[in-house]
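> Following this message is one structure expressed as structure tokens.
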Amino acid sequence: MKQPILTVKNLRTYFYTEDGIVKAVDGVDFEVFQGETLGIVGESGCGKSVTSLSILRILDEKGKIVEGSIIFDGNDLTKISEESMRKIRGKDIAMIFQEPMVALNPVFTIGEQIVEAIVLHQKVDETTAKKMAVDLLRKVGIPEPEKRINEYPHELSGGMRQRAMIAMALSCKPKILIADEPTTALDVTIQAQIMELMKQLQKEYGMAIILITHDMGVIAENADRVVVMYAGKAVEYTDVKTLFNDPKHPYTWGLLHAIPRLDVEQTRLYNIPGIVPNPLKFPSGCKFHPRCEFAQEKCSLEEPELIEVVNGHFVRCFFWEKVEQAKKKEAGDEQ
Amino acid sequence: MKPLVKIEHLVKYFPIRAGIFKRIVAWVKAVDDVSFDIFEGETVGLVGESGCGKTTIGMTLLRLYEPTSGRIIVADEDTTYYFLPSSKARSYLKKNYVERFQKLLKEKGSLDSLMNSLDGVDRRYAQIFFADAKGSTTRFLSLMLSNMDEKRKKFRRDLQIVFQDPYSSLNPRLRVKTIVGEGPLTHKLVKGEKEVIEKVKTVLEDVGISGEYIYRFPHEFSGGQRQRIGVARALALSPKLIIADEAVAALDVSIRSQVINLMKDLQKEHKLTYLFISHDLSVIKYVSDRVIVMYLGKIVESAPKKDLFDRPLHPYTRALMSAIPIPNPNIKKERIILKGDVPSPINPPSGCRFHTRCYMSQEICANAEPQLREVEPKHFVACHFV
């Protein structure tokens, strides 16, 4: 059996705001293996970003990890000191963000920002660090890296900024790269470039990637295993093929039918009724039950656990077998 | 079928000013000679990446921008001069109609053959010029420039828009009743408080929002509901054309499908015509009857939906399609990765604007600009090698 390099168990991160407790992450479990990509997918407010911020412990002061463990390299990241955490951040676990323009500091050149990261974590002087930075920029496909290294973030295009950020994240050869919606702000042709680059770098460095996105297409093409999140909870967790070929949670099933697709002819998109719930007023029982077409009385009273229904396929639903029936009916209709 | 909207050789340049005298130092060529028709009852999908000019077309069509040149014909009326100051409107009409007609008359020799050589709006205006105005420029101009207020109002009623961001496109200080009811009241489609309330309730229920909510403010609704209110606001004027500019881009997946389905249902019920502007080819494929693909201010390909998606011909369309991630891990497709970024529209590349990133480009592409030509019935492509 392969050993995971990161194990997240029953993670709960709450924000104590003036309006009440926001249970942003409320029960998430997954494992990350070396060289693999774990996808976290869900709609806005489902807690996918807060999950990644919790792993790096970069929550704002209102946010607290209240339960669960994040085991990395034998240490529980929720328990270690801030000082040890600082050594892991950026070195062993690096992160890239959705908006490179916001994530990069506008008053420093990209070279200065990459050199800072290298000097901080590795025992090299600035000249060597600068050489390393140029190599990194070349590696991520930035043309004329010797010139570009002295440019400010605003002088680069969106795609180039994202490349620069990847270069910075890779500067210390991290074991895990967390990519939070890395291509959402980019055009599709640029998105294709960046995803291709990340795949190629993953092979080269053998690092694991945690890919956070709302785009089912990006997940299908890039992830090895997938966590589907809804209202702070992991509702389904399995390998990517099983998830798309055989979704078992009503939410995943609905979501896959609600997206317009290039590869299938669709007469009508599936409607998941209602709205994404407000995190201050999550419904009782199963958080998805008010929008679920398979919901029964039990769903509004009791909260389902994330259980392994088939080998390696985890689902948080009392009535996942009903989705099976719906799938059979659908297959019948098609024939 | 008659076209509802005809866009002819539309050009929109934005000046870039610099220095203390704010001299114009360069032009952003946002839309550069674009022509297409929108037929009644259809949905035209306008797709392209950021900076391709798709939003500028929508804004210019609505006359939130004045076109630099070109003609915009809506329901057989040339609307290009509607919002120009009267001196400019006069010179536009003189140049585009009076002088043209006079020149044509000389060429053709007789009024009959001149009339036969024209169609649509040109023919109608020629009739006005030669018959109603008896060939007098002054009379023609005063005929064309009469009732401008009414014409403008009709134009504003016929064309409506749904914006991308449901948060910034609704005035936070106004109640839904005012947001949706303001239009019908201004255009005198309803009279008095009772009729306004009646109207707003009907339209809200059309878009799936309870009529009880008419006294609420925008912040009391979710993003999806706000976008429905945006649709209701457009719908309240019974427009001929609704321009949906990235109308579902800001919405979550599960909400997006609700709004797309709603817009499709409304189209059937109210016989609406849509110009659907989006960067998302999957959404465009689902909603459109006909698709126009743009790159850097130019149309590169346009075709009925099925033809375009079954047989994309322009290298850019193919690259764009291959770049869309498919939510099916069983499909491994060939991906065309384009080099570099979209060039700046200030100094677009010479010849074919796509040649700098194109995997098929040859010497000719940098020198000669390919024209949009019909390579298959109704399938237009601008490429030297198709």
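Every chain in the structure tokens takes a letter, A first, then B, and so on in the order presented; its residues are numbered from 1, and the ligands are numbered from 1 following the presented order.
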Residues of chain A that approach chain B to 6 Å or less, counting only C-alpha atoms: could you list each one with the shortest pair of atoms and its distance in Å to one decimal, rows by chain and increasing residue number, as a tab-separated table?


residue	atom	partner	partner_atom	distance
A:Glu43	CA	B:Asp252	CA	5.9
A:Asp187	CA	B:Glu49	CA	5.9
A:Val188	CA	B:Ala323	CA	6.0
A:Thr189	CA	B:Ala323	CA	5.6
A:Ala192	CA	B:Ala323	CA	5.5
A:Met216	CA	B:Pro327	CA	5.3
A:Gly217	CA	B:Pro327	CA	3.8
A:Val218	CA	B:Pro325	CA	5.4
A:Ala220	CA	B:Pro329	CA	4.9
A:Glu221	CA	B:Pro329	CA	6.0
A:Lys241	CA	B:Pro329	CA	5.9
A:Ala258	CA	B:Ser257	CA	5.6
A:Pro260	CA	B:Ser282	CA	5.3
A:Arg261	CA	B:Ser282	CA	5.1
A:Leu262	CA	B:Ser282	CA	5.3
A:Asn271	CA	B:Gln258	CA	5.6
A:Ile272	CA	B:Ser254	CA	5.8

> Run DSSP on the backbone and tell me which residues of segment 188-386 of chain B come out as helix (DSSP H, G or I); list them as a PyMOL selection string.

chain B and resi 192-206+211-215+218-220+223-235+253-270+281-287+305-310+315-323+363-367

> Which polymer residues have any atom within 8 Å of an atom of segment 302-307 of chain A, counting only C-alpha atoms, with same-chain residues fewer than 5 positions away left out, as a ChimeraX atom specification?

/A:234-236,284-287,314-318

> As number ranges by chain, please: the residues near Leu120 of chain A (cut-off 12 Å, only C-alpha atoms, same-chain neighbours under 6 positions excluded).

A: 86-91, 113-114, 126, 129, 171-172

> Those selected residues, please, written with N, CA and C atoms and delivered as a PDB file, in the first residue's frame.


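Heads up, here's the output in result-v2.pdb:
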ATOM      1  N   ARG A  86       5.963  27.628   9.899  1.00  0.00           N
ATOM      2  CA  ARG A  86       6.556  28.589   8.970  1.00  0.00           C
ATOM      3  C   ARG A  86       7.614  27.928   8.089  1.00  0.00           C
ATOM      4  N   LYS A  87       8.263  26.885   8.645  1.00  0.00           N
ATOM      5  CA  LYS A  87       9.284  26.181   7.863  1.00  0.00           C
ATOM      6  C   LYS A  87       8.657  25.305   6.788  1.00  0.00           C
ATOM      7  N   ILE A  88       7.436  24.892   7.034  1.00  0.00           N
ATOM      8  CA  ILE A  88       6.750  24.033   6.056  1.00  0.00           C
ATOM      9  C   ILE A  88       6.125  24.877   4.952  1.00  0.00           C
ATOM     10  N   ARG A  89       5.534  25.992   5.365  1.00  0.00           N
ATOM     11  CA  ARG A  89       4.862  26.894   4.429  1.00  0.00           C
ATOM     12  C   ARG A  89       5.812  27.390   3.351  1.00  0.00           C
ATOM     13  N   GLY A  90       5.453  27.217   2.113  1.00  0.00           N
ATOM     14  CA  GLY A  90       6.295  27.719   1.035  1.00  0.00           C
ATOM     15  C   GLY A  90       7.432  26.788   0.695  1.00  0.00           C
ATOM     16  N   LYS A  91       7.848  25.928   1.656  1.00  0.00           N
ATOM     17  CA  LYS A  91       8.941  25.012   1.366  1.00  0.00           C
ATOM     18  C   LYS A  91       8.406  23.632   1.016  1.00  0.00           C
ATOM     19  N   GLN A 113      10.654  38.896  -5.608  1.00  0.00           N
ATOM     20  CA  GLN A 113       9.726  38.066  -4.835  1.00  0.00           C
ATOM     21  C   GLN A 113      10.127  36.594  -4.852  1.00  0.00           C
ATOM     22  N   ILE A 114      10.649  36.142  -5.994  1.00  0.00           N
ATOM     23  CA  ILE A 114      11.078  34.740  -6.060  1.00  0.00           C
ATOM     24  C   ILE A 114      12.361  34.554  -5.251  1.00  0.00           C
ATOM     25  N   GLU A 126      22.308  35.664  -2.540  1.00  0.00           N
ATOM     26  CA  GLU A 126      21.343  36.277  -3.449  1.00  0.00           C
ATOM     27  C   GLU A 126      21.678  36.094  -4.916  1.00  0.00           C
ATOM     28  N   ALA A 129      20.646  32.739  -5.840  1.00  0.00           N
ATOM     29  CA  ALA A 129      19.185  32.709  -5.822  1.00  0.00           C
ATOM     30  C   ALA A 129      18.628  33.344  -7.085  1.00  0.00           C
ATOM     31  N   SER A 171       9.924  27.194  -6.266  1.00  0.00           N
ATOM     32  CA  SER A 171      11.312  27.557  -6.004  1.00  0.00           C
ATOM     33  C   SER A 171      11.966  26.662  -4.960  1.00  0.00           C
ATOM     34  N   CYS A 172      11.195  26.116  -4.030  1.00  0.00           N
ATOM     35  CA  CYS A 172      11.793  25.267  -3.006  1.00  0.00           C
ATOM     36  C   CYS A 172      11.438  23.804  -3.213  1.00  0.00           C
TER      37      CYS A 172
END

> Between B:Gln362, B:Ser350, B:Ser87, B:Ser278, single out the one closest to Val293 of chain B, counting only C-alpha atoms.

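Using only C-alpha atoms, the shortest distance to Val293 of chain B belongs to B:Ser278.
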
> Do you have the atom CA of Tyr82 of chain B-atom CA of Val98 of chain B distance handy?

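Between these atoms lies a distance of 17.0 Å.
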
> May I have the residues within 12 Å of Lys281 of chain A as a list in words, using only C-alpha atoms and disregarding those fewer than 4 positions away in the same chain?

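Here the qualifying residues turn out to be Asp19, Gly20, Ile21, Val22, Lys23, Ala24, Ala231, Val276, Pro277 and Lys287 of chain A.
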
> Would you list the contacts of Asn311 of chain A as a list in words, taking every protein, DNA or RNA residue within 12 Å and counting only C-alpha atoms, but skipping same-chain residues closer than 2 positions in sequence?

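Non-adjacent residues within range: Tyr237, Thr238, Asp239, Thr242, Ile307, Glu308, Val309, His313, Phe314 and Val315 of chain A.
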
> For those residues, write N, CA and C atoms to a file as an mmCIF file, in the first residue's frame.


data_model
loop_
_atom_site.group_PDB
_atom_site.id
_atom_site.type_symbol
_atom_site.label_atom_id
_atom_site.label_comp_id
_atom_site.auth_asym_id
_atom_site.auth_seq_id
_atom_site.Cartn_x
_atom_site.Cartn_y
_atom_site.Cartn_z
ATOM 1 N N TYR A 237 -16.202 11.059 -2.247
ATOM 2 C CA TYR A 237 -14.749 11.007 -2.365
ATOM 3 C C TYR A 237 -14.363 9.698 -3.019
ATOM 4 N N THR A 238 -13.772 9.774 -4.192
ATOM 5 C CA THR A 238 -13.348 8.556 -4.881
ATOM 6 C C THR A 238 -12.373 8.916 -6.002
ATOM 7 N N ASP A 239 -11.975 7.913 -6.801
ATOM 8 C CA ASP A 239 -11.084 8.242 -7.921
ATOM 9 C C ASP A 239 -11.886 8.886 -9.047
ATOM 10 N N THR A 242 -14.316 6.780 -11.417
ATOM 11 C CA THR A 242 -15.516 6.305 -10.735
ATOM 12 C C THR A 242 -16.482 7.461 -10.503
ATOM 13 N N ILE A 307 -19.620 7.466 4.349
ATOM 14 C CA ILE A 307 -19.327 6.038 4.495
ATOM 15 C C ILE A 307 -18.807 5.439 3.197
ATOM 16 N N GLU A 308 -18.018 4.381 3.346
ATOM 17 C CA GLU A 308 -17.452 3.704 2.187
ATOM 18 C C GLU A 308 -18.494 2.733 1.669
ATOM 19 N N VAL A 309 -19.152 3.067 0.561
ATOM 20 C CA VAL A 309 -20.239 2.219 0.084
ATOM 21 C C VAL A 309 -19.717 1.106 -0.824
ATOM 22 N N HIS A 313 -14.873 4.097 -2.419
ATOM 23 C CA HIS A 313 -15.847 5.091 -2.853
ATOM 24 C C HIS A 313 -16.675 5.535 -1.641
ATOM 25 N N PHE A 314 -16.428 6.770 -1.208
ATOM 26 C CA PHE A 314 -17.079 7.276 -0.010
ATOM 27 C C PHE A 314 -18.228 8.206 -0.382
ATOM 28 N N VAL A 315 -19.378 8.032 0.264
ATOM 29 C CA VAL A 315 -20.537 8.857 -0.047
ATOM 30 C C VAL A 315 -21.220 9.264 1.250
#

> Please, what distance in Å, to one decimal, runs between atom CA of Phe72 of chain A and atom CA of Thr7 of chain A?

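Distance reported for this atom pair: 6.7 Å.
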